[in-house]
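K.L.:
Just dropping this structure here.
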Amino acid sequence: MSAARDVIAPLLAGINAFDDHEASDLAFAKRWLDATSDVYRRQKPGLPSPHLVAYFLPVCASTDRALLVDHLDARAWLPPGGHVEVNEHPSRTVERECAEELGVAPRTVAGPCFLTVRTVKNPKSSHIDVSLWYTVELPAGWALKCEPSEHAGARWWLLADILSAPAGTVEPNLSRFLRKWRDGGTSTAENG
C-alpha cells in the first residue's frame with residue numbers, strides 16, 4: 001500500500017454513509033484507492049483523474065448558518081476548499097485553504113464526515129473529484145473576507161436557505177451534507 005493510501009484508507013473507513021448516494025461514492029472511492037498509485041492532482045485542470053479534494057464548511061450551530069463562497073469558475077456558491085497537494089494530509093489542506101481563501105486559521109477542524117465523487121465538467125477537460133468534506137469553526141471576531149482571484153464573494157447563509165436554494169445556485173451535494181450534519185451522522189476518523 002502506498003503512503004497516501006495508508007493515510008486516506010482510514011479516513012474513508014471512518015465515514016458512515018448517510019444515504020445510498022454516499023454509500024455508492026464511498027464504494028467507488030475505496031475501489032479507486034485500491035487501484036491507484038496516485039491520488040493527487042499533478043496537472044491542471046484535472047490530471048490524473050480521479051484525484052483528492054478537501055472541502056470545508058464553516059458552520060455556526062448557534063445561528064444555524066454556514067459560510068459559502070461564490071466560486072468564479074464553478075459559478076455557484078460552494079464550501080471553501082481545494083485540491084490536496086502531493087503528500088499533504090487532507091486536514092492540513094483544510095487549514096492551508098482556510099488561510100489562503102479566507103485569510104484565517106480555523107479554531108477547529110472536524111472530519112472528514114462526508115464524501116462525494118463528482119465529475120467536473122471543464123471546457124479544457126472533464127475530470128473526477130473525490131472530495132472529503134470537513135467542518136470548521138472560525139475564530140470569534142473574524143472579519144468576513146475571501147480570495148478575490150477565486151471568489152466573487154463570501155457570505156453566511158441560513159441553513160434553511162441553502163436547503164431551499166434553486167438548482168445550480170449551490171454545490172449540488174451541499175444539501176445532503178447539511179442534512180447529515182444536522183442529523184448528527186458525522187461520525188469520523190481522527191483528524192490526523
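Just remember, in the C-alpha cells the first chain shown is A, the second B, etc., residues are 1-based per chain, and ligands are 1-based in the order shown.
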What lies within 10 Å of Leu68 in chain A using only C-alpha atoms, ignoring chain neighbours under 5 positions off, as a PyMOL selection string?
P.N.:
chain A and resi 56-59+76-80+146+151+153-157+162+170-171
K.L.:
Now that the selection is made, can you save its residues with all heavy atoms as a short mmCIF file (atom, residue, chain, number, x, y, z; two decimals), in the first residue's frame?
P.N.:
data_model
loop_
_atom_site.label_atom_id
_atom_site.label_comp_id
_atom_site.auth_asym_id
_atom_site.auth_seq_id
_atom_site.Cartn_x
_atom_site.Cartn_y
_atom_site.Cartn_z
N PHE A 56 -14.32 22.34 3.07
CA PHE A 56 -14.60 22.58 4.48
C PHE A 56 -15.72 23.59 4.57
O PHE A 56 -15.81 24.53 3.79
CB PHE A 56 -13.36 23.05 5.24
CG PHE A 56 -12.78 24.35 4.77
CD1 PHE A 56 -13.12 25.55 5.39
CD2 PHE A 56 -11.87 24.39 3.73
CE1 PHE A 56 -12.57 26.76 4.96
CE2 PHE A 56 -11.32 25.58 3.29
CZ PHE A 56 -11.67 26.78 3.91
N LEU A 57 -16.61 23.34 5.50
CA LEU A 57 -17.75 24.22 5.67
C LEU A 57 -17.67 24.88 7.03
O LEU A 57 -17.79 24.21 8.05
CB LEU A 57 -19.06 23.43 5.54
CG LEU A 57 -20.31 24.30 5.48
CD1 LEU A 57 -20.32 25.18 4.24
CD2 LEU A 57 -21.56 23.42 5.49
N PRO A 58 -17.43 26.20 7.04
CA PRO A 58 -17.53 26.92 8.31
C PRO A 58 -19.01 26.95 8.73
O PRO A 58 -19.86 27.43 7.98
CB PRO A 58 -17.03 28.32 7.98
CG PRO A 58 -16.21 28.15 6.73
CD PRO A 58 -16.91 27.05 5.98
N VAL A 59 -19.31 26.40 9.89
CA VAL A 59 -20.69 26.35 10.37
C VAL A 59 -20.77 27.02 11.74
O VAL A 59 -19.82 27.00 12.51
CB VAL A 59 -21.24 24.91 10.45
CG1 VAL A 59 -21.41 24.32 9.07
CG2 VAL A 59 -20.34 24.02 11.30
N ALA A 76 -21.13 29.10 -8.85
CA ALA A 76 -22.09 28.64 -7.84
C ALA A 76 -21.50 28.93 -6.46
O ALA A 76 -20.30 29.16 -6.32
CB ALA A 76 -22.37 27.15 -8.00
N TRP A 77 -22.37 28.89 -5.46
CA TRP A 77 -21.94 29.04 -4.07
C TRP A 77 -21.49 27.67 -3.56
O TRP A 77 -22.24 26.70 -3.64
CB TRP A 77 -23.08 29.59 -3.24
CG TRP A 77 -23.37 31.03 -3.55
CD1 TRP A 77 -24.23 31.50 -4.50
CD2 TRP A 77 -22.79 32.16 -2.93
NE1 TRP A 77 -24.21 32.87 -4.51
CE2 TRP A 77 -23.33 33.31 -3.55
CE3 TRP A 77 -21.85 32.34 -1.92
CZ2 TRP A 77 -22.97 34.60 -3.18
CZ3 TRP A 77 -21.50 33.63 -1.55
CH2 TRP A 77 -22.06 34.74 -2.18
N LEU A 78 -20.27 27.62 -3.07
CA LEU A 78 -19.65 26.37 -2.63
C LEU A 78 -19.05 26.54 -1.24
O LEU A 78 -18.71 27.65 -0.85
CB LEU A 78 -18.49 25.97 -3.56
CG LEU A 78 -18.66 25.96 -5.05
CD1 LEU A 78 -17.33 25.64 -5.72
CD2 LEU A 78 -19.69 24.94 -5.46
N PRO A 79 -18.80 25.41 -0.56
CA PRO A 79 -17.94 25.50 0.60
C PRO A 79 -16.53 25.82 0.11
O PRO A 79 -16.15 25.43 -1.00
CB PRO A 79 -17.97 24.09 1.20
CG PRO A 79 -19.09 23.39 0.52
CD PRO A 79 -19.31 24.07 -0.79
N PRO A 80 -15.72 26.52 0.90
CA PRO A 80 -14.32 26.71 0.50
C PRO A 80 -13.61 25.36 0.46
O PRO A 80 -14.09 24.37 1.02
CB PRO A 80 -13.76 27.59 1.62
CG PRO A 80 -14.93 28.14 2.36
CD PRO A 80 -16.06 27.17 2.15
N CYS A 146 -12.65 36.96 1.51
CA CYS A 146 -12.37 35.79 0.67
C CYS A 146 -11.29 36.14 -0.34
O CYS A 146 -10.92 37.30 -0.49
CB CYS A 146 -13.64 35.29 -0.02
SG CYS A 146 -14.32 36.47 -1.20
N HIS A 151 -12.92 33.86 -5.84
CA HIS A 151 -14.31 34.02 -5.41
C HIS A 151 -14.82 35.43 -5.68
O HIS A 151 -14.11 36.40 -5.45
CB HIS A 151 -14.44 33.72 -3.91
CG HIS A 151 -13.82 32.43 -3.51
ND1 HIS A 151 -12.82 32.34 -2.59
CD2 HIS A 151 -14.03 31.16 -3.95
CE1 HIS A 151 -12.44 31.08 -2.45
NE2 HIS A 151 -13.16 30.35 -3.28
N GLY A 153 -17.29 36.54 -3.98
CA GLY A 153 -17.74 36.99 -2.67
C GLY A 153 -17.87 35.83 -1.71
O GLY A 153 -17.66 34.66 -2.08
N ALA A 154 -18.22 36.16 -0.48
CA ALA A 154 -18.47 35.16 0.56
C ALA A 154 -19.58 35.71 1.44
O ALA A 154 -19.67 36.93 1.64
CB ALA A 154 -17.22 34.90 1.38
N ARG A 155 -20.42 34.81 1.95
CA ARG A 155 -21.44 35.26 2.89
C ARG A 155 -21.95 34.09 3.71
O ARG A 155 -21.84 32.93 3.32
CB ARG A 155 -22.59 35.96 2.19
CG ARG A 155 -23.53 35.08 1.40
CD ARG A 155 -24.67 35.94 0.82
NE ARG A 155 -25.53 35.20 -0.05
CZ ARG A 155 -26.71 34.70 0.32
NH1 ARG A 155 -27.15 34.84 1.54
NH2 ARG A 155 -27.46 34.05 -0.56
N TRP A 156 -22.50 34.44 4.88
CA TRP A 156 -23.14 33.46 5.74
C TRP A 156 -24.55 33.23 5.24
O TRP A 156 -25.28 34.17 4.97
CB TRP A 156 -23.16 33.96 7.19
CG TRP A 156 -21.81 33.96 7.83
CD1 TRP A 156 -20.94 35.02 7.93
CD2 TRP A 156 -21.15 32.84 8.44
NE1 TRP A 156 -19.79 34.62 8.56
CE2 TRP A 156 -19.89 33.30 8.90
CE3 TRP A 156 -21.50 31.50 8.65
CZ2 TRP A 156 -18.99 32.47 9.55
CZ3 TRP A 156 -20.60 30.69 9.30
CH2 TRP A 156 -19.36 31.16 9.74
N TRP A 157 -24.91 31.98 5.10
CA TRP A 157 -26.24 31.58 4.65
C TRP A 157 -26.97 30.89 5.80
O TRP A 157 -26.36 30.09 6.52
CB TRP A 157 -26.14 30.54 3.54
CG TRP A 157 -25.67 31.01 2.22
CD1 TRP A 157 -24.46 31.57 1.90
CD2 TRP A 157 -26.40 30.93 0.99
NE1 TRP A 157 -24.39 31.82 0.56
CE2 TRP A 157 -25.58 31.44 -0.03
CE3 TRP A 157 -27.67 30.45 0.66
CZ2 TRP A 157 -25.97 31.50 -1.35
CZ3 TRP A 157 -28.06 30.51 -0.67
CH2 TRP A 157 -27.23 31.04 -1.66
N ILE A 162 -29.96 27.47 2.22
CA ILE A 162 -29.14 26.57 1.42
C ILE A 162 -29.99 25.38 0.97
O ILE A 162 -29.97 24.99 -0.20
CB ILE A 162 -27.91 26.08 2.20
CG1 ILE A 162 -26.96 27.24 2.50
CG2 ILE A 162 -27.17 24.98 1.43
CD1 ILE A 162 -25.82 26.90 3.44
N VAL A 170 -26.16 26.44 -5.53
CA VAL A 170 -25.16 25.97 -4.57
C VAL A 170 -24.60 24.63 -5.02
O VAL A 170 -25.18 23.96 -5.89
CB VAL A 170 -25.74 25.86 -3.14
CG1 VAL A 170 -26.21 27.20 -2.63
CG2 VAL A 170 -26.84 24.84 -3.06
N GLU A 171 -23.49 24.23 -4.42
CA GLU A 171 -22.87 22.93 -4.72
C GLU A 171 -23.95 21.85 -4.64
O GLU A 171 -24.70 21.79 -3.67
CB GLU A 171 -21.77 22.69 -3.68
CG GLU A 171 -20.65 21.81 -4.12
CD GLU A 171 -20.93 20.32 -4.32
OE1 GLU A 171 -21.89 19.76 -3.78
OE2 GLU A 171 -20.13 19.72 -5.03
#
K.L.:
In range 29-134 of chain A, what's alpha helix (DSSP H) per DSSP? Answer as a count of residues only?
P.N.:
20
K.L.:
Using only C-alpha atoms, find the one residue out of A:Val39, A:Val53, A:Ala9, A:Leu174 that sits nearest to Val84 in chain A.
P.N.:
A:Val53
K.L.:
Write out as a tab-separated table the residues of range 108-180 of chain A that have any atom within 8 Å of an atom of range 23-34 of chain A, one row each with the nearest atom pair and its distance in Å to one decimal, counting only C-alpha atoms, sorted by chain and then rising number.
P.N.:
residue	atom	partner	partner_atom	distance
A:Leu115	CA	A:Leu26	CA	6.7
A:Thr116	CA	A:Asp25	CA	5.8
A:Val117	CA	A:Asp25	CA	5.5
A:Val130	CA	A:Ala29	CA	6.9
K.L.:
Would you mind exporting the chosen residues as a compact mmCIF listing (two decimals), in the first residue's frame, restricted to N, CA, C and O atoms?
P.N.:
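Wrote it out as out_12.txt, contents follow:
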# COMPACT_ATOMS: atom_id res chain seq x y z
N LEU A 115 -18.34 12.27 2.06
CA LEU A 115 -17.53 12.06 0.87
C LEU A 115 -18.42 12.14 -0.36
O LEU A 115 -19.55 11.63 -0.36
N THR A 116 -17.92 12.80 -1.39
CA THR A 116 -18.62 12.84 -2.67
C THR A 116 -17.65 12.50 -3.80
O THR A 116 -16.44 12.74 -3.70
N VAL A 117 -18.19 11.94 -4.85
CA VAL A 117 -17.46 11.70 -6.08
C VAL A 117 -18.25 12.40 -7.17
O VAL A 117 -19.45 12.15 -7.34
N VAL A 130 -12.69 13.34 -6.03
CA VAL A 130 -13.10 12.58 -4.85
C VAL A 130 -12.90 13.54 -3.69
O VAL A 130 -11.77 13.89 -3.35
K.L.:
Please determine, counting only C-alpha atoms, which residue among A:Asp183, A:Asp73, A:Glu88, A:Asp129 has the shortest atom-to-atom distance to Pro50 in chain A.
P.N.:
A:Asp129
K.L.:
Tell me, in Å to one decimal, how far CA of Leu72 in chain A is from CA of Gly168 in chain A.
P.N.:
13.5 Å
K.L.:
Using only C-alpha atoms, pick whichever of A:Trp142, A:Ile128, A:Phe114, A:Cys60 has the shortest atom-to-atom distance to Ser175 in chain A.
P.N.:
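Among the listed residues, the smallest separation from Ser175 in chain A belongs to A:Phe114.
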K.L.:
Write out as a ChimeraX atom specification each polymer residue whose atoms come within 9 Å of Glu101 in chain A, counting only C-alpha atoms; drop sequence neighbours fewer than 4 positions from it.
P.N.:
/A:80-81,96-97,145-148,150-151
K.L.:
Give me, please, the distance in Å between CA of Leu102 in chain A and CA of Leu144 in chain A, quoted to one decimal.
P.N.:
7.6 Å
K.L.:
Considering only strand (DSSP E or B) as DSSP defines it on the backbone, what residues of range 22-190 of chain A qualify? List them as a PyMOL selection string.
P.N.:
chain A and resi 43+47+51-60+65-71+76-78+81-83+108-120+127-137+151-158+170
K.L.:
Next, the residues of the selection above should be written as a PDB file, in the first residue's frame with C-alpha atoms.
P.N.:
ATOM      1  CA  GLN A  43      -1.548  18.841 -13.676  1.00  0.00           C
ATOM      2  CA  LEU A  47      -4.851  15.071 -14.113  1.00  0.00           C
ATOM      3  CA  HIS A  51      -7.894  12.990  -7.565  1.00  0.00           C
ATOM      4  CA  LEU A  52      -8.462  14.216  -3.993  1.00  0.00           C
ATOM      5  CA  VAL A  53     -10.171  17.437  -2.951  1.00  0.00           C
ATOM      6  CA  ALA A  54     -10.909  18.698   0.562  1.00  0.00           C
ATOM      7  CA  TYR A  55     -13.976  20.887   1.153  1.00  0.00           C
ATOM      8  CA  PHE A  56     -14.604  22.579   4.476  1.00  0.00           C
ATOM      9  CA  LEU A  57     -17.749  24.218   5.665  1.00  0.00           C
ATOM     10  CA  PRO A  58     -17.535  26.916   8.311  1.00  0.00           C
ATOM     11  CA  VAL A  59     -20.688  26.352  10.374  1.00  0.00           C
ATOM     12  CA  CYS A  60     -22.215  28.195  13.303  1.00  0.00           C
ATOM     13  CA  ARG A  65     -25.648  29.397   9.413  1.00  0.00           C
ATOM     14  CA  ALA A  66     -22.860  28.246   7.106  1.00  0.00           C
ATOM     15  CA  LEU A  67     -20.308  30.257   5.156  1.00  0.00           C
ATOM     16  CA  LEU A  68     -20.208  29.763   1.388  1.00  0.00           C
ATOM     17  CA  VAL A  69     -18.045  31.345  -1.286  1.00  0.00           C
ATOM     18  CA  ASP A  70     -19.241  32.431  -4.722  1.00  0.00           C
ATOM     19  CA  HIS A  71     -16.739  30.434  -6.794  1.00  0.00           C
ATOM     20  CA  ALA A  76     -22.092  28.643  -7.840  1.00  0.00           C
ATOM     21  CA  TRP A  77     -21.941  29.036  -4.073  1.00  0.00           C
ATOM     22  CA  LEU A  78     -19.648  26.368  -2.628  1.00  0.00           C
ATOM     23  CA  GLY A  81     -11.687  24.106  -0.231  1.00  0.00           C
ATOM     24  CA  GLY A  82      -9.186  22.886  -2.739  1.00  0.00           C
ATOM     25  CA  HIS A  83      -7.051  20.128  -4.151  1.00  0.00           C
ATOM     26  CA  THR A 108     -11.185  23.650  14.976  1.00  0.00           C
ATOM     27  CA  VAL A 109     -11.266  21.193  12.078  1.00  0.00           C
ATOM     28  CA  ALA A 110     -13.654  18.226  12.266  1.00  0.00           C
ATOM     29  CA  GLY A 111     -13.845  15.385   9.837  1.00  0.00           C
ATOM     30  CA  PRO A 112     -13.864  14.194   7.242  1.00  0.00           C
ATOM     31  CA  CYS A 113     -17.520  13.491   7.823  1.00  0.00           C
ATOM     32  CA  PHE A 114     -18.825  13.187   4.255  1.00  0.00           C
ATOM     33  CA  LEU A 115     -17.533  12.056   0.867  1.00  0.00           C
ATOM     34  CA  THR A 116     -18.617  12.845  -2.674  1.00  0.00           C
ATOM     35  CA  VAL A 117     -17.458  11.698  -6.084  1.00  0.00           C
ATOM     36  CA  ARG A 118     -18.319  14.125  -8.826  1.00  0.00           C
ATOM     37  CA  THR A 119     -17.427  14.575 -12.468  1.00  0.00           C
ATOM     38  CA  VAL A 120     -16.371  18.174 -13.009  1.00  0.00           C
ATOM     39  CA  HIS A 127     -12.281  15.020 -14.512  1.00  0.00           C
ATOM     40  CA  ILE A 128     -13.439  13.312 -11.326  1.00  0.00           C
ATOM     41  CA  ASP A 129     -13.008  14.856  -7.884  1.00  0.00           C
ATOM     42  CA  VAL A 130     -13.096  12.578  -4.848  1.00  0.00           C
ATOM     43  CA  SER A 131     -13.964  15.115  -2.164  1.00  0.00           C
ATOM     44  CA  LEU A 132     -13.571  14.733   1.578  1.00  0.00           C
ATOM     45  CA  TRP A 133     -15.835  17.150   3.484  1.00  0.00           C
ATOM     46  CA  TYR A 134     -14.906  18.748   6.802  1.00  0.00           C
ATOM     47  CA  THR A 135     -16.477  21.322   9.105  1.00  0.00           C
ATOM     48  CA  VAL A 136     -14.511  24.112  10.723  1.00  0.00           C
ATOM     49  CA  GLU A 137     -15.071  26.652  13.431  1.00  0.00           C
ATOM     50  CA  HIS A 151     -14.312  34.020  -5.413  1.00  0.00           C
ATOM     51  CA  ALA A 152     -16.716  36.801  -6.317  1.00  0.00           C
ATOM     52  CA  GLY A 153     -17.744  36.988  -2.670  1.00  0.00           C
ATOM     53  CA  ALA A 154     -18.473  35.164   0.556  1.00  0.00           C
ATOM     54  CA  ARG A 155     -21.441  35.258   2.891  1.00  0.00           C
ATOM     55  CA  TRP A 156     -23.135  33.458   5.745  1.00  0.00           C
ATOM     56  CA  TRP A 157     -26.244  31.576   4.646  1.00  0.00           C
ATOM     57  CA  LEU A 158     -29.076  30.336   6.811  1.00  0.00           C
ATOM     58  CA  VAL A 170     -25.157  25.975  -4.574  1.00  0.00           C
TER      59      VAL A 170
END
K.L.:
Between CA of Asn87 in chain A and CA of Asp38 in chain A, measure the distance and give it in Å to one decimal.
P.N.:
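Taking CA of Asn87 in chain A and CA of Asp38 in chain A, their separation equals 10.1 Å.
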K.L.:
Which polymer residues have any atom within 8 Å of an atom of Ala105 in chain A, counting only C-alpha atoms, with same-chain residues fewer than 5 positions away left out, as JSON, numbers by chain?
P.N.:
{"A": [95, 98, 99, 138, 139]}
